[in-house]
Amino acid sequence: MSENVSGIGMVFPESGGLRRTIDWKGAFWVASGVPALVLFSIGGIAAMDGNLAFLIWTASMLMGFVQSFTYAEIAGLFPNKSGGASVYGAAAWIRYSKFVAPLSVWCNWFAWSPVLSLGCSIAAAYVLNALAPIPAAGSPDVLQWLAAHGAGIAGSATDKTNAAIAALTPGIRGWTLFSHSLGPVGFSFNATFFIGVIIMLGVFAIQHRGILGTASVQKYVGLLVIIPMLICGVVPLLNGHVNFNNFQPLVPLAAAGAPAPGHWNIPGWTLVLGGMFIAAWSTYGFETAVCYTSEFRNPGTDTFKAIFYSGLLCLLLYILVPFTFQGALGLTGMLDPTIADGSGVASALATMVGGGGFIRSIMIMLMILALILSIMTAMAGSSRTLYQGSVDGWLPRYLSHINAHGAPTKAMWTDLIFNLVVLAIAASDATSFFFILAVSNCGYIIFNFLNLNAGWIHRMDSGNTHRPYKAPTWLLAAGSIFAFVNAGFMGAGAKTWNPMALWAGLIAALLIIPVFCFRHYIQDGGKFPTQMLEDLHVGGAGDTTTKRAGILPYLTLAGGIAVVLIANWVFKLS
């Protein structure tokens, strides 16, 4: 087994088979797909919170940036591990409960993994809009059809226009091989599904080459994405397309999707917390930059740089793009159904920068690339979470397999198969899409809660362990406070996207119990892998297993559950 010398003078083996082939810039480019996650929910948050949408994005991004300092510190404690902050956080909780630790890894995976299916469904919708567009109400084709057939149709002018649009809409837009309802959602093997499958398989082929090949591809794709997103953020400010009256009045909507202003009452605050809940899924996502610690050439220095510079990029784009988006479209434009479901976001961004049809086509193509980049980021991170979870004894053994390029291919195949199922649900309709998004974000909030508190637990239990980067104590404390704030977002906000989202998310989180029991008690006979215990500083020589935090972690868990339940009880939409 070869060794690698870090920038801080420590020697780290290339453990687990993953290869130390990238520096912080490689991780930065792999994480450069995170800003594109704004495309997933910018329309949904606009429909939920109206004129407050830009403030929702700004506040959420600032919270995510503060939280990232905790993740940078705990990642530096484990230079031989991949899989991200959830794996590093699990090391803090293992001393207190062998069931809480795998919950961290599991929730991070089912939070990140659906990016593949959700991203593919939006990208497929963009492709369909380009190849088989639905005609606009005032388009020449619709007017020509009305002139020829409108007189023979009973009803109002709106009814006649809708009939014209329906007649001129390409048949592929309504085609499906099979569809059915499934509890609170539906699933459909339609055109969106099959186009999404093609995109997903293409991403899988790139990822199969390993992290170095992935980073090399994403460097160039990332530039093609970051630059146009900057253009969408800056140009409307320069060409006068931003109307500052579109930010007033700063009050919640009376109801989601309705243009009438509401009040700062319980229903209004519930909508705001719903926006903060779903924004977190995007704005906190750059923490994936620390997912590749065991693949850094110099983990001691690369880890902090990767997450810090990724955070600065996200700080810029997550504040700038939603601001100009709202300023250019206004409340009426943001409440358009095609904006809410995401299919019209690329076209709206293209309109914001001006130019003719050619510029619009270029911008839409670049937005599709942005989505593909986010999918690549998600597959790289979530597959490594599965891989490291298997190596550490949380998840089934087969997930620890890697190929000749150092890629965790069996974990990637698991991701792929899981997301083919989720894609069929996401491709069904906007309700199903946001149900998947809300459920996955319940997992993400649970992961963040556990890992933000892992920061101070590591300080208490492993205070003497060398830290390549040590966060200021006030930032560590702020992250712990935000953990409970996030729990409040989940309790109050998940139900604004679907009445069953919170409970479905909690059930999905608890599925780790039978999975972990199978691995730990059946495959491993109730013992953890020796290497995992050594890497996590548990069970070695000395006083490393002492629970110096005492009862505090248990009180923290109880407090988090209480915040979720109280917030769910207090905040209501009516």
# chains A, B, ... in the order shown; residues from 1 in each chain; ligands from 1
call {"tool": "select_by_dssp", "arguments": {"residues": "region 160-322 of chain A", "states": "helix (DSSP H, G or I)", "output": "tab-separated table (two decimals) with N, CA, C and O atoms, in the first residue's frame"}}
result
chain	number	residue	atom	x	y	z
A	160	LYS	N	-61.10	28.71	-26.13
A	160	LYS	CA	-60.67	28.50	-27.51
A	160	LYS	C	-59.14	28.46	-27.60
A	160	LYS	O	-58.58	27.65	-28.34
A	161	THR	N	-58.49	29.35	-26.85
A	161	THR	CA	-57.02	29.36	-26.85
A	161	THR	C	-56.47	28.06	-26.29
A	161	THR	O	-55.52	27.48	-26.84
A	162	ASN	N	-57.07	27.57	-25.20
A	162	ASN	CA	-56.63	26.30	-24.63
A	162	ASN	C	-56.84	25.15	-25.60
A	162	ASN	O	-56.01	24.22	-25.67
A	163	ALA	N	-57.92	25.18	-26.36
A	163	ALA	CA	-58.17	24.14	-27.35
A	163	ALA	C	-57.11	24.19	-28.45
A	163	ALA	O	-56.65	23.14	-28.93
A	164	ALA	N	-56.72	25.39	-28.84
A	164	ALA	CA	-55.68	25.54	-29.86
A	164	ALA	C	-54.34	25.00	-29.37
A	164	ALA	O	-53.63	24.29	-30.09
A	165	ILE	N	-54.00	25.33	-28.12
A	165	ILE	CA	-52.74	24.85	-27.55
A	165	ILE	C	-52.74	23.33	-27.47
A	165	ILE	O	-51.75	22.67	-27.81
A	166	ALA	N	-53.87	22.76	-27.02
A	166	ALA	CA	-53.96	21.30	-26.91
A	166	ALA	C	-53.82	20.64	-28.27
A	166	ALA	O	-53.18	19.59	-28.41
A	167	ALA	N	-54.42	21.25	-29.31
A	167	ALA	CA	-54.37	20.66	-30.65
A	167	ALA	C	-52.97	20.73	-31.25
A	167	ALA	O	-52.57	19.85	-32.02
A	168	LEU	N	-52.22	21.78	-30.90
A	168	LEU	CA	-50.90	21.98	-31.49
A	168	LEU	C	-49.76	21.40	-30.64
A	168	LEU	O	-48.61	21.40	-31.07
A	171	GLY	N	-47.66	15.24	-29.66
A	171	GLY	CA	-48.21	14.09	-28.96
A	171	GLY	C	-47.26	13.49	-27.94
A	171	GLY	O	-47.70	12.90	-26.95
A	172	ILE	N	-45.93	13.66	-28.14
A	172	ILE	CA	-44.96	13.06	-27.23
A	172	ILE	C	-45.06	13.66	-25.83
A	172	ILE	O	-44.69	13.02	-24.84
A	173	ARG	N	-45.61	14.90	-25.75
A	173	ARG	CA	-45.70	15.54	-24.44
A	173	ARG	C	-46.71	14.83	-23.53
A	173	ARG	O	-46.58	14.89	-22.30
A	191	ALA	N	-42.03	10.27	-21.71
A	191	ALA	CA	-40.88	10.75	-22.46
A	191	ALA	C	-39.83	11.36	-21.55
A	191	ALA	O	-38.62	11.18	-21.76
A	192	THR	N	-40.27	12.10	-20.53
A	192	THR	CA	-39.34	12.69	-19.57
A	192	THR	C	-38.50	11.61	-18.89
A	192	THR	O	-37.29	11.76	-18.70
A	193	PHE	N	-39.14	10.52	-18.52
A	193	PHE	CA	-38.43	9.41	-17.87
A	193	PHE	C	-37.34	8.84	-18.78
A	193	PHE	O	-36.19	8.68	-18.35
A	194	PHE	N	-37.67	8.54	-20.02
A	194	PHE	CA	-36.70	7.88	-20.91
A	194	PHE	C	-35.56	8.81	-21.31
A	194	PHE	O	-34.40	8.39	-21.41
A	195	ILE	N	-35.84	10.09	-21.50
A	195	ILE	CA	-34.76	11.04	-21.77
A	195	ILE	C	-33.87	11.17	-20.54
A	195	ILE	O	-32.64	11.22	-20.63
A	196	GLY	N	-34.48	11.20	-19.35
A	196	GLY	CA	-33.71	11.26	-18.11
A	196	GLY	C	-32.82	10.06	-17.92
A	196	GLY	O	-31.69	10.17	-17.42
A	197	VAL	N	-33.29	8.87	-18.32
A	197	VAL	CA	-32.48	7.65	-18.22
A	197	VAL	C	-31.23	7.78	-19.08
A	197	VAL	O	-30.12	7.41	-18.65
A	198	ILE	N	-31.38	8.30	-20.29
A	198	ILE	CA	-30.22	8.47	-21.18
A	198	ILE	C	-29.19	9.40	-20.55
A	198	ILE	O	-27.98	9.14	-20.56
A	199	ILE	N	-29.66	10.51	-19.97
A	199	ILE	CA	-28.75	11.46	-19.32
A	199	ILE	C	-28.04	10.80	-18.14
A	199	ILE	O	-26.82	10.94	-17.96
A	200	MET	N	-28.79	10.06	-17.34
A	200	MET	CA	-28.22	9.41	-16.16
A	200	MET	C	-27.15	8.39	-16.53
A	200	MET	O	-26.09	8.31	-15.88
A	201	LEU	N	-27.38	7.62	-17.58
A	201	LEU	CA	-26.40	6.64	-18.02
A	201	LEU	C	-25.13	7.32	-18.54
A	201	LEU	O	-24.03	6.81	-18.36
A	202	GLY	N	-25.29	8.46	-19.19
A	202	GLY	CA	-24.12	9.21	-19.65
A	202	GLY	C	-23.25	9.68	-18.50
A	202	GLY	O	-22.02	9.58	-18.56
A	203	VAL	N	-23.90	10.17	-17.44
A	203	VAL	CA	-23.15	10.60	-16.25
A	203	VAL	C	-22.45	9.41	-15.62
A	203	VAL	O	-21.29	9.50	-15.19
A	204	PHE	N	-23.13	8.29	-15.54
A	204	PHE	CA	-22.53	7.08	-14.97
A	204	PHE	C	-21.27	6.69	-15.73
A	204	PHE	O	-20.25	6.31	-15.12
A	205	ALA	N	-21.28	6.79	-17.05
A	205	ALA	CA	-20.12	6.41	-17.85
A	205	ALA	C	-18.92	7.29	-17.53
A	205	ALA	O	-17.78	6.82	-17.46
A	206	ILE	N	-19.17	8.59	-17.31
A	206	ILE	CA	-18.07	9.51	-16.96
A	206	ILE	C	-17.52	9.17	-15.58
A	206	ILE	O	-16.31	9.12	-15.36
A	207	GLN	N	-18.43	8.93	-14.62
A	207	GLN	CA	-18.01	8.64	-13.24
A	207	GLN	C	-17.21	7.34	-13.15
A	207	GLN	O	-16.41	7.15	-12.25
A	211	ILE	N	-12.28	9.46	-9.84
A	211	ILE	CA	-12.41	10.86	-9.43
A	211	ILE	C	-11.54	11.79	-10.25
A	211	ILE	O	-11.92	12.93	-10.55
A	212	LEU	N	-10.35	11.36	-10.67
A	212	LEU	CA	-9.48	12.24	-11.45
A	212	LEU	C	-10.12	12.55	-12.79
A	212	LEU	O	-10.15	13.70	-13.24
A	213	GLY	N	-10.65	11.52	-13.45
A	213	GLY	CA	-11.33	11.74	-14.72
A	213	GLY	C	-12.57	12.59	-14.56
A	213	GLY	O	-12.86	13.47	-15.38
A	214	THR	N	-13.30	12.38	-13.47
A	214	THR	CA	-14.51	13.16	-13.20
A	214	THR	C	-14.15	14.63	-13.00
A	214	THR	O	-14.79	15.53	-13.56
A	215	ALA	N	-13.12	14.90	-12.19
A	215	ALA	CA	-12.71	16.28	-11.94
A	215	ALA	C	-12.25	16.96	-13.22
A	215	ALA	O	-12.52	18.14	-13.44
A	216	SER	N	-11.56	16.22	-14.08
A	216	SER	CA	-11.07	16.80	-15.34
A	216	SER	C	-12.22	17.21	-16.24
A	216	SER	O	-12.22	18.30	-16.82
A	217	VAL	N	-13.24	16.35	-16.34
A	217	VAL	CA	-14.40	16.67	-17.16
A	217	VAL	C	-15.16	17.85	-16.56
A	217	VAL	O	-15.55	18.79	-17.25
A	218	GLN	N	-15.37	17.81	-15.24
A	218	GLN	CA	-16.19	18.83	-14.61
A	218	GLN	C	-15.51	20.19	-14.58
A	218	GLN	O	-16.19	21.21	-14.43
A	219	LYS	N	-14.21	20.24	-14.70
A	219	LYS	CA	-13.53	21.54	-14.76
A	219	LYS	C	-14.03	22.34	-15.95
A	219	LYS	O	-14.34	23.53	-15.84
A	220	TYR	N	-14.13	21.68	-17.09
A	220	TYR	CA	-14.54	22.38	-18.31
A	220	TYR	C	-16.05	22.58	-18.36
A	220	TYR	O	-16.53	23.64	-18.77
A	221	VAL	N	-16.80	21.56	-17.93
A	221	VAL	CA	-18.25	21.73	-17.87
A	221	VAL	C	-18.60	22.80	-16.84
A	221	VAL	O	-19.50	23.62	-17.06
A	222	GLY	N	-17.85	22.81	-15.74
A	222	GLY	CA	-18.09	23.80	-14.70
A	222	GLY	C	-17.92	25.22	-15.20
A	222	GLY	O	-18.71	26.11	-14.87
A	223	LEU	N	-16.90	25.45	-15.99
A	223	LEU	CA	-16.69	26.78	-16.56
A	223	LEU	C	-17.84	27.17	-17.48
A	223	LEU	O	-18.28	28.33	-17.50
A	224	LEU	N	-18.32	26.20	-18.25
A	224	LEU	CA	-19.43	26.46	-19.17
A	224	LEU	C	-20.73	26.75	-18.41
A	224	LEU	O	-21.67	27.29	-18.99
A	225	VAL	N	-20.79	26.36	-17.15
A	225	VAL	CA	-21.99	26.56	-16.34
A	225	VAL	C	-21.87	27.80	-15.46
A	225	VAL	O	-22.78	28.62	-15.39
A	226	ILE	N	-20.74	27.94	-14.76
A	226	ILE	CA	-20.57	29.05	-13.83
A	226	ILE	C	-20.62	30.38	-14.56
A	226	ILE	O	-21.25	31.35	-14.09
A	227	ILE	N	-19.98	30.45	-15.72
A	227	ILE	CA	-19.95	31.71	-16.46
A	227	ILE	C	-21.35	32.17	-16.87
A	227	ILE	O	-21.73	33.32	-16.62
A	228	PRO	N	-22.19	31.30	-17.49
A	228	PRO	CA	-23.54	31.78	-17.82
A	228	PRO	C	-24.40	32.09	-16.60
A	228	PRO	O	-25.26	32.97	-16.65
A	229	MET	N	-24.19	31.38	-15.48
A	229	MET	CA	-24.95	31.72	-14.28
A	229	MET	C	-24.54	33.10	-13.76
A	229	MET	O	-25.39	33.87	-13.28
A	230	LEU	N	-23.26	33.41	-13.87
A	230	LEU	CA	-22.81	34.76	-13.53
A	230	LEU	C	-23.42	35.79	-14.47
A	230	LEU	O	-23.81	36.88	-14.05
A	231	ILE	N	-23.51	35.42	-15.75
A	231	ILE	CA	-24.12	36.31	-16.73
A	231	ILE	C	-25.58	36.57	-16.36
A	231	ILE	O	-26.06	37.71	-16.39
A	232	CYS	N	-26.29	35.51	-15.98
A	232	CYS	CA	-27.69	35.66	-15.59
A	232	CYS	C	-27.83	36.51	-14.32
A	232	CYS	O	-28.86	37.16	-14.12
A	233	GLY	N	-26.80	36.50	-13.49
A	233	GLY	CA	-26.85	37.29	-12.27
A	233	GLY	C	-26.46	38.74	-12.45
A	233	GLY	O	-26.98	39.62	-11.76
A	234	VAL	N	-25.56	39.02	-13.40
A	234	VAL	CA	-25.00	40.37	-13.54
A	234	VAL	C	-25.68	41.16	-14.65
A	234	VAL	O	-26.02	42.34	-14.47
A	235	VAL	N	-25.88	40.55	-15.82
A	235	VAL	CA	-26.37	41.29	-16.99
A	235	VAL	C	-27.70	41.98	-16.74
A	235	VAL	O	-27.88	43.14	-17.12
A	236	PRO	N	-28.70	41.32	-16.10
A	236	PRO	CA	-29.96	42.03	-15.85
A	236	PRO	C	-29.79	43.29	-15.02
A	236	PRO	O	-30.59	44.23	-15.15
A	237	LEU	N	-28.78	43.32	-14.16
A	237	LEU	CA	-28.51	44.54	-13.39
A	237	LEU	C	-27.99	45.66	-14.28
A	237	LEU	O	-28.24	46.84	-14.03
A	238	LEU	N	-27.28	45.27	-15.34
A	238	LEU	CA	-26.66	46.25	-16.22
A	238	LEU	C	-27.59	46.71	-17.34
A	238	LEU	O	-27.50	47.86	-17.80
A	244	PHE	N	-36.75	47.22	-9.22
A	244	PHE	CA	-36.65	47.12	-7.77
A	244	PHE	C	-38.01	47.19	-7.08
A	244	PHE	O	-38.12	46.88	-5.89
A	245	ASN	N	-39.05	47.55	-7.82
A	245	ASN	CA	-40.40	47.49	-7.25
A	245	ASN	C	-40.87	46.05	-7.07
A	245	ASN	O	-41.84	45.80	-6.35
A	246	ASN	N	-40.17	45.12	-7.73
A	246	ASN	CA	-40.55	43.71	-7.63
A	246	ASN	C	-40.17	43.07	-6.30
A	246	ASN	O	-40.42	41.88	-6.09
A	247	PHE	N	-39.54	43.86	-5.43
A	247	PHE	CA	-39.17	43.33	-4.11
A	247	PHE	C	-40.10	43.84	-3.01
A	247	PHE	O	-39.85	43.62	-1.82
A	266	ILE	N	-49.22	33.29	11.68
A	266	ILE	CA	-48.76	31.89	11.71
A	266	ILE	C	-48.73	31.27	10.31
A	266	ILE	O	-47.72	30.67	9.92
A	267	PRO	N	-49.79	31.41	9.49
A	267	PRO	CA	-49.72	30.86	8.13
A	267	PRO	C	-48.60	31.49	7.30
A	267	PRO	O	-47.93	30.79	6.52
A	268	GLY	N	-48.41	32.81	7.45
A	268	GLY	CA	-47.34	33.47	6.71
A	268	GLY	C	-45.97	32.97	7.10
A	268	GLY	O	-45.12	32.69	6.24
A	269	TRP	N	-45.72	32.85	8.39
A	269	TRP	CA	-44.44	32.32	8.87
A	269	TRP	C	-44.25	30.87	8.45
A	269	TRP	O	-43.13	30.43	8.18
A	270	THR	N	-45.34	30.11	8.38
A	270	THR	CA	-45.24	28.71	7.96
A	270	THR	C	-44.72	28.63	6.52
A	270	THR	O	-43.88	27.79	6.20
A	271	LEU	N	-45.23	29.52	5.65
A	271	LEU	CA	-44.74	29.55	4.27
A	271	LEU	C	-43.26	29.94	4.22
A	271	LEU	O	-42.48	29.39	3.44
A	272	VAL	N	-42.86	30.91	5.06
A	272	VAL	CA	-41.46	31.32	5.10
A	272	VAL	C	-40.57	30.17	5.54
A	272	VAL	O	-39.52	29.90	4.94
A	273	LEU	N	-40.98	29.46	6.58
A	273	LEU	CA	-40.19	28.33	7.07
A	273	LEU	C	-40.17	27.19	6.05
A	273	LEU	O	-39.19	26.45	5.95
A	274	GLY	N	-41.25	27.06	5.27
A	274	GLY	CA	-41.25	26.08	4.18
A	274	GLY	C	-40.22	26.42	3.13
A	274	GLY	O	-39.54	25.53	2.60
A	275	GLY	N	-40.07	27.72	2.84
A	275	GLY	CA	-39.04	28.15	1.90
A	275	GLY	C	-37.64	27.90	2.44
A	275	GLY	O	-36.75	27.43	1.72
A	276	MET	N	-37.41	28.22	3.72
A	276	MET	CA	-36.11	27.99	4.32
A	276	MET	C	-35.78	26.50	4.35
A	276	MET	O	-34.63	26.10	4.18
A	277	PHE	N	-36.80	25.68	4.57
A	277	PHE	CA	-36.60	24.23	4.60
A	277	PHE	C	-36.08	23.71	3.26
A	277	PHE	O	-35.08	23.01	3.20
A	278	ILE	N	-36.74	24.07	2.18
A	278	ILE	CA	-36.36	23.51	0.89
A	278	ILE	C	-35.11	24.17	0.33
A	278	ILE	O	-34.34	23.55	-0.41
A	279	ALA	N	-34.85	25.44	0.67
A	279	ALA	CA	-33.64	26.12	0.20
A	279	ALA	C	-32.39	25.46	0.76
A	279	ALA	O	-31.35	25.41	0.11
A	280	ALA	N	-32.48	24.94	1.99
A	280	ALA	CA	-31.32	24.31	2.64
A	280	ALA	C	-30.78	23.15	1.82
A	280	ALA	O	-29.57	22.90	1.79
A	281	TRP	N	-31.65	22.44	1.13
A	281	TRP	CA	-31.23	21.30	0.31
A	281	TRP	C	-30.25	21.73	-0.77
A	281	TRP	O	-29.36	20.97	-1.13
A	282	SER	N	-30.39	22.96	-1.24
A	282	SER	CA	-29.49	23.48	-2.27
A	282	SER	C	-28.30	24.23	-1.68
A	282	SER	O	-27.15	23.96	-2.01
A	283	THR	N	-28.59	25.19	-0.80
A	283	THR	CA	-27.55	26.11	-0.35
A	283	THR	C	-26.50	25.47	0.55
A	283	THR	O	-25.36	25.93	0.60
A	285	GLY	N	-25.37	22.49	0.13
A	285	GLY	CA	-24.82	21.34	-0.58
A	285	GLY	C	-23.34	21.37	-0.88
A	285	GLY	O	-22.74	20.33	-1.17
A	286	PHE	N	-22.70	22.54	-0.79
A	286	PHE	CA	-21.28	22.59	-1.13
A	286	PHE	C	-20.42	21.86	-0.10
A	286	PHE	O	-19.20	21.69	-0.31
A	287	GLU	N	-21.02	21.39	1.00
A	287	GLU	CA	-20.26	20.57	1.95
A	287	GLU	C	-19.75	19.28	1.30
A	287	GLU	O	-18.87	18.61	1.84
A	288	THR	N	-20.30	18.96	0.12
A	288	THR	CA	-19.81	17.78	-0.59
A	288	THR	C	-18.35	17.90	-1.00
A	288	THR	O	-17.71	16.91	-1.34
A	289	ALA	N	-17.79	19.10	-0.94
A	289	ALA	CA	-16.38	19.29	-1.29
A	289	ALA	C	-15.44	18.53	-0.36
A	289	ALA	O	-14.29	18.24	-0.74
A	290	VAL	N	-15.90	18.19	0.86
A	290	VAL	CA	-15.04	17.43	1.78
A	290	VAL	C	-15.30	15.94	1.67
A	290	VAL	O	-14.85	15.16	2.51
A	291	CYS	N	-16.01	15.53	0.62
A	291	CYS	CA	-16.35	14.12	0.44
A	291	CYS	C	-15.16	13.32	-0.08
A	291	CYS	O	-15.20	12.10	-0.09
A	292	TYR	N	-14.10	13.99	-0.48
A	292	TYR	CA	-13.00	13.32	-1.19
A	292	TYR	C	-11.69	13.38	-0.42
A	292	TYR	O	-10.61	13.35	-1.00
A	293	THR	N	-11.79	13.46	0.93
A	293	THR	CA	-10.60	13.62	1.76
A	293	THR	C	-9.57	12.52	1.50
A	293	THR	O	-8.37	12.80	1.42
A	294	SER	N	-10.02	11.28	1.37
A	294	SER	CA	-9.07	10.18	1.15
A	294	SER	C	-8.53	10.16	-0.27
A	294	SER	O	-7.67	9.33	-0.57
A	295	GLU	N	-9.01	11.06	-1.12
A	295	GLU	CA	-8.51	11.14	-2.49
A	295	GLU	C	-7.71	12.42	-2.73
A	295	GLU	O	-7.26	12.69	-3.85
A	299	PRO	N	-4.36	16.03	2.24
A	299	PRO	CA	-5.63	16.25	2.94
A	299	PRO	C	-5.56	17.31	4.03
A	299	PRO	O	-6.56	17.98	4.31
A	300	GLY	N	-4.40	17.48	4.64
A	300	GLY	CA	-4.29	18.44	5.72
A	300	GLY	C	-4.57	19.86	5.29
A	300	GLY	O	-5.11	20.66	6.05
A	301	THR	N	-4.21	20.21	4.04
A	301	THR	CA	-4.43	21.57	3.57
A	301	THR	C	-5.56	21.66	2.54
A	301	THR	O	-6.25	22.67	2.45
A	302	ASP	N	-5.76	20.59	1.78
A	302	ASP	CA	-6.75	20.64	0.70
A	302	ASP	C	-8.18	20.65	1.22
A	302	ASP	O	-9.06	21.23	0.58
A	303	THR	N	-8.44	20.02	2.36
A	303	THR	CA	-9.81	19.87	2.85
A	303	THR	C	-10.47	21.21	3.11
A	303	THR	O	-11.57	21.50	2.63
A	304	PHE	N	-9.78	22.07	3.88
A	304	PHE	CA	-10.36	23.37	4.19
A	304	PHE	C	-10.49	24.24	2.94
A	304	PHE	O	-11.51	24.90	2.73
A	305	LYS	N	-9.47	24.23	2.10
A	305	LYS	CA	-9.53	25.05	0.89
A	305	LYS	C	-10.69	24.64	-0.01
A	305	LYS	O	-11.38	25.49	-0.59
A	306	ALA	N	-10.92	23.33	-0.12
A	306	ALA	CA	-11.97	22.84	-1.01
A	306	ALA	C	-13.34	23.36	-0.57
A	306	ALA	O	-14.11	23.89	-1.38
A	307	ILE	N	-13.66	23.24	0.71
A	307	ILE	CA	-14.98	23.66	1.16
A	307	ILE	C	-15.10	25.17	1.25
A	307	ILE	O	-16.16	25.75	0.97
A	308	PHE	N	-14.02	25.86	1.59
A	308	PHE	CA	-14.07	27.31	1.73
A	308	PHE	C	-14.30	27.99	0.38
A	308	PHE	O	-15.20	28.84	0.24
A	309	TYR	N	-13.53	27.61	-0.61
A	309	TYR	CA	-13.68	28.26	-1.92
A	309	TYR	C	-14.95	27.82	-2.63
A	309	TYR	O	-15.56	28.61	-3.37
A	310	SER	N	-15.38	26.59	-2.39
A	310	SER	CA	-16.69	26.18	-2.92
A	310	SER	C	-17.79	27.00	-2.28
A	310	SER	O	-18.76	27.39	-2.94
A	311	GLY	N	-17.65	27.27	-0.98
A	311	GLY	CA	-18.63	28.09	-0.28
A	311	GLY	C	-18.69	29.51	-0.80
A	311	GLY	O	-19.77	30.09	-0.94
A	312	LEU	N	-17.53	30.10	-1.10
A	312	LEU	CA	-17.52	31.45	-1.65
A	312	LEU	C	-18.23	31.51	-3.00
A	312	LEU	O	-18.98	32.46	-3.29
A	313	LEU	N	-18.00	30.50	-3.84
A	313	LEU	CA	-18.68	30.45	-5.14
A	313	LEU	C	-20.19	30.38	-4.95
A	313	LEU	O	-20.96	31.11	-5.61
A	314	CYS	N	-20.64	29.51	-4.05
A	314	CYS	CA	-22.08	29.37	-3.80
A	314	CYS	C	-22.66	30.63	-3.17
A	314	CYS	O	-23.79	31.04	-3.48
A	315	LEU	N	-21.89	31.25	-2.29
A	315	LEU	CA	-22.35	32.49	-1.65
A	315	LEU	C	-22.67	33.55	-2.71
A	315	LEU	O	-23.69	34.24	-2.64
A	316	LEU	N	-21.82	33.64	-3.71
A	316	LEU	CA	-22.03	34.61	-4.80
A	316	LEU	C	-23.26	34.27	-5.63
A	316	LEU	O	-24.15	35.09	-5.83
A	317	LEU	N	-23.32	33.03	-6.11
A	317	LEU	CA	-24.36	32.67	-7.08
A	317	LEU	C	-25.73	32.49	-6.43
A	317	LEU	O	-26.75	32.82	-7.04
A	318	TYR	N	-25.78	31.96	-5.21
A	318	TYR	CA	-27.08	31.75	-4.57
A	318	TYR	C	-27.73	33.05	-4.10
A	318	TYR	O	-28.93	33.08	-3.85
A	319	ILE	N	-26.95	34.10	-3.94
A	319	ILE	CA	-27.52	35.40	-3.60
A	319	ILE	C	-27.83	36.19	-4.86
A	319	ILE	O	-28.90	36.78	-5.00
A	320	LEU	N	-26.91	36.18	-5.82
A	320	LEU	CA	-27.03	37.01	-7.01
A	320	LEU	C	-28.13	36.53	-7.95
A	320	LEU	O	-28.99	37.31	-8.39
A	321	VAL	N	-28.13	35.24	-8.29
A	321	VAL	CA	-29.08	34.74	-9.30
A	321	VAL	C	-30.53	34.85	-8.83
A	321	VAL	O	-31.38	35.36	-9.58
A	322	PRO	N	-30.90	34.42	-7.60
A	322	PRO	CA	-32.30	34.62	-7.18
A	322	PRO	C	-32.71	36.09	-7.12
A	322	PRO	O	-33.87	36.42	-7.38
call {"tool": "residues_around", "arguments": {"residues": "Met334 (chain A)", "least_positions_apart": "6", "cutoff": "8 Å", "atoms": "only C-alpha atoms", "output": "PyMOL selection string"}}
result
chain A and resi 43+46-47+50+326+340
call {"tool": "atom_distance", "arguments": {"atom1": "CA of Leu533 (chain A)", "atom2": "CA of His458 (chain A)"}}
result
15.0 Å
call {"tool": "residues_around", "arguments": {"residues": "Trp109 (chain A)", "least_positions_apart": "5", "cutoff": "10 Å", "atoms": "only C-alpha atoms", "output": "PyMOL selection string"}}
result
chain A and resi 83-84+86+103-104+114+378+381-386+389+415+440+443-444+447
call {"tool": "atom_distance", "arguments": {"atom1": "CA of Arg397 (chain A)", "atom2": "CA of Gln523 (chain A)"}}
result
7.9 Å
call {"tool": "atom_distance", "arguments": {"atom1": "CA of Ile372 (chain A)", "atom2": "CA of Leu416 (chain A)"}}
result
14.5 Å
call {"tool": "closest_residue", "arguments": {"among": "A:Val87, A:Ile551, A:Leu573, A:Ala427", "to": "Thr496 (chain A)", "atoms": "only C-alpha atoms"}}
result
A:Leu573
call {"tool": "residues_around", "arguments": {"residues": "Gly354 (chain A)", "least_positions_apart": "2", "cutoff": "9 Å", "atoms": "only C-alpha atoms", "output": "JSON, numbers by chain"}}
result
{"A": [235, 236, 239, 241, 350, 351, 352, 356, 359, 360]}
call {"tool": "closest_residue", "arguments": {"among": "A:Gly393, A:Thr556, A:Lys470, A:Thr176", "to": "Gly525 (chain A)", "atoms": "only C-alpha atoms"}}
result
A:Gly393
call {"tool": "closest_residue", "arguments": {"among": "A:Ile368, A:Lys527, A:Thr414, A:Ala404", "to": "Gly119 (chain A)", "atoms": "only C-alpha atoms"}}
result
A:Ile368
call {"tool": "select_by_dssp", "arguments": {"residues": "region 147-228 of chain A", "states": "strand (DSSP E or B)", "output": "list of chain:residue names"}}
result
A:Thr176, A:Leu177, A:Phe178, A:Ser179, A:His180, A:Ser181, A:Leu182, A:Val185, A:Gly186, A:Phe187, A:Ser188, A:Phe189, A:Asn190
